[in-house]
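First comes the structure, then the notes that go with it.
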Amino acid sequence: MDHVEKHVADQAAKAWDASAVISPLNIILLSAVLYTVYALFRPSPSPTLPREPPATVFRTYTPHTLLPFSGENNSPVYLAVRGRVFDVSRGRNFYGPGGPYSNFAGRDASRGLACGSFDEDMLTKDLDGPLDKLENLDADQIEALQGWEQRFLEKYEVVGKLVSVADYQAETGKSA
């Protein structure tokens with residue numbers, strides 16, 4: 001027993017040796033422990049919700065009041081199909097300025113979509129006159145128009161209805 005007691009006493013009497021504690025492995029382990037403690041107790045950033053787009057009020061448009069919504073000067077891009085006005089701003093590359101369907105922006109696109117034509121003569125020229133009733137379309141053109149309308153309903157928000165100037169004045173008693 002004396003031998004054990006002597007050995008323990010010798011070990012206790014030895015000066016503390018810092019080189020035995022400060023080794024590369026101990027430094028790595030200490031760093032890992034400190035990082036883990038920091039990660040557990042650090043304040044988490046407050047969650048940020050995505051910004052909602054501004055609310056769009058459903059309103060009644062005439063050909064005149066729809067015309068400014070052609071995407072020029074960063075305005076929204078609207079177009080009408082069979083009396084429904086759609087906000088197609090998300091498809092600005094197609095319907096906005098320079099896009100393949102840009103002539104439909106701010107206009108009633110019904111006849112052009114039904115006929116598969118982008119010609120200017122497919123658009124209503126008299127903005128004060130009655131809306132195009134689409135009376136002389138054949139069955140294939142009506143089917144094509146219904147397909148476009150369905151696609152717009154699935155993809156874009158309806159923001160209003162399109163009426164003629166005369167119907168608007170009759171509804172509201174105001175001029176367009």
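Letters for chains follow the order of the structure tokens (A, B, ...), residue numbers begin at 1 for each chain, and ligand numbers begin at 1 in the order shown.
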
Original post:
If you run DSSP on this backbone, which residues of chain A come out as strand (DSSP E), and could you give them as an MDAnalysis selection string?
Top reply: chainID A and resid 59:61 78:81 84:87 157:162

Sorted by chain and rising residue number, list the residues of segment 45-81 of chain A at most 8 Å from segment 148-169 of chain A (counting only C-alpha atoms), each with its closest atom pair and distance in Å to one decimal, as a tab-separated table.
residue	atom	partner	partner_atom	distance
A:Thr56	CA	A:Val159	CA	6.6
A:Val57	CA	A:Val159	CA	6.7
A:Phe58	CA	A:Gly160	CA	4.7
A:Arg59	CA	A:Gly160	CA	4.6
A:Thr60	CA	A:Lys161	CA	5.0
A:Tyr61	CA	A:Leu162	CA	4.8
A:Thr62	CA	A:Val163	CA	5.3
A:Pro63	CA	A:Ser164	CA	6.9
A:Ala80	CA	A:Leu162	CA	6.8
A:Val81	CA	A:Glu149	CA	6.5

**OP:** Please identify all polymer residues within 10 Å of segment 87-103 of chain A, counting only C-alpha atoms, omitting same-chain residues fewer than 5 positions from it, and present them as a ChimeraX atom specification.
**Re:** /A:56,69-80,108-109,112-113,117-120,122-123,152,155-160

Original post:
Could you pull out the helix (DSSP H, G or I) residues of segment 94-158 of chain A from DSSP and send them as a PyMOL selection string?
Top reply: chain A and resi 94-95+102-104+110-115+120-122+139-155

**OP:** Name the closest residue to Thr124 of chain A among the candidates A:His64, A:Asp2, A:Ala32, A:Leu145; distances are taken between atoms, counting only C-alpha atoms.
**Re:**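 Going through A:His64, A:Asp2, A:Ala32, A:Leu145 one by one, the smallest distance to Thr124 of chain A is for A:His64.
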
**OP:** State, in Å with one decimal place, the distance from atom CA of Thr172 of chain A to atom CA of Lys125 of chain A.
**Re:**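 Atom CA of Lys125 of chain A lies 24.0 Å from atom CA of Thr172 of chain A.
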
Report the closest atom pair, with its distance in Å rounded to one decimal, for each residue of segment 61-127 of chain A that has an atom no farther than 9 Å from segment 135-140 of chain A; count only C-alpha atoms, sort by chain and then rising residue number, and write it as a tab-separated table.
residue	atom	partner	partner_atom	distance
A:Arg111	CA	A:Leu137	CA	8.4
A:Ala114	CA	A:Leu137	CA	7.8
A:Cys115	CA	A:Leu137	CA	8.2

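As for atom CA of Asn26 of chain A and atom CA of Leu40 of chain A, they are spaced 21.2 Å apart.
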
Original post:
Using only C-alpha atoms, which residue out of A:Pro47, A:Gly129, A:Gly147, A:Gly173 lies closest to Ser110 of chain A?
Top reply: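 Among A:Pro47, A:Gly129, A:Gly147, A:Gly173, it is A:Gly147 that comes nearest to Ser110 of chain A.
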
Original post:
To one decimal place, how far is atom CA of Gln141 of chain A from atom CA of Leu127 of chain A in Å?
Top reply: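 Interatomic distance, atom CA of Gln141 of chain A to atom CA of Leu127 of chain A: 23.4 Å.
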
Original post:
Smallest atom-to-atom distance to Gly116 of chain A: which of A:Lys133, A:Asp10, A:Ala55, A:Ile142, using only C-alpha atoms?
Top reply: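 Among the listed residues, A:Ile142 lies closest to Gly116 of chain A.
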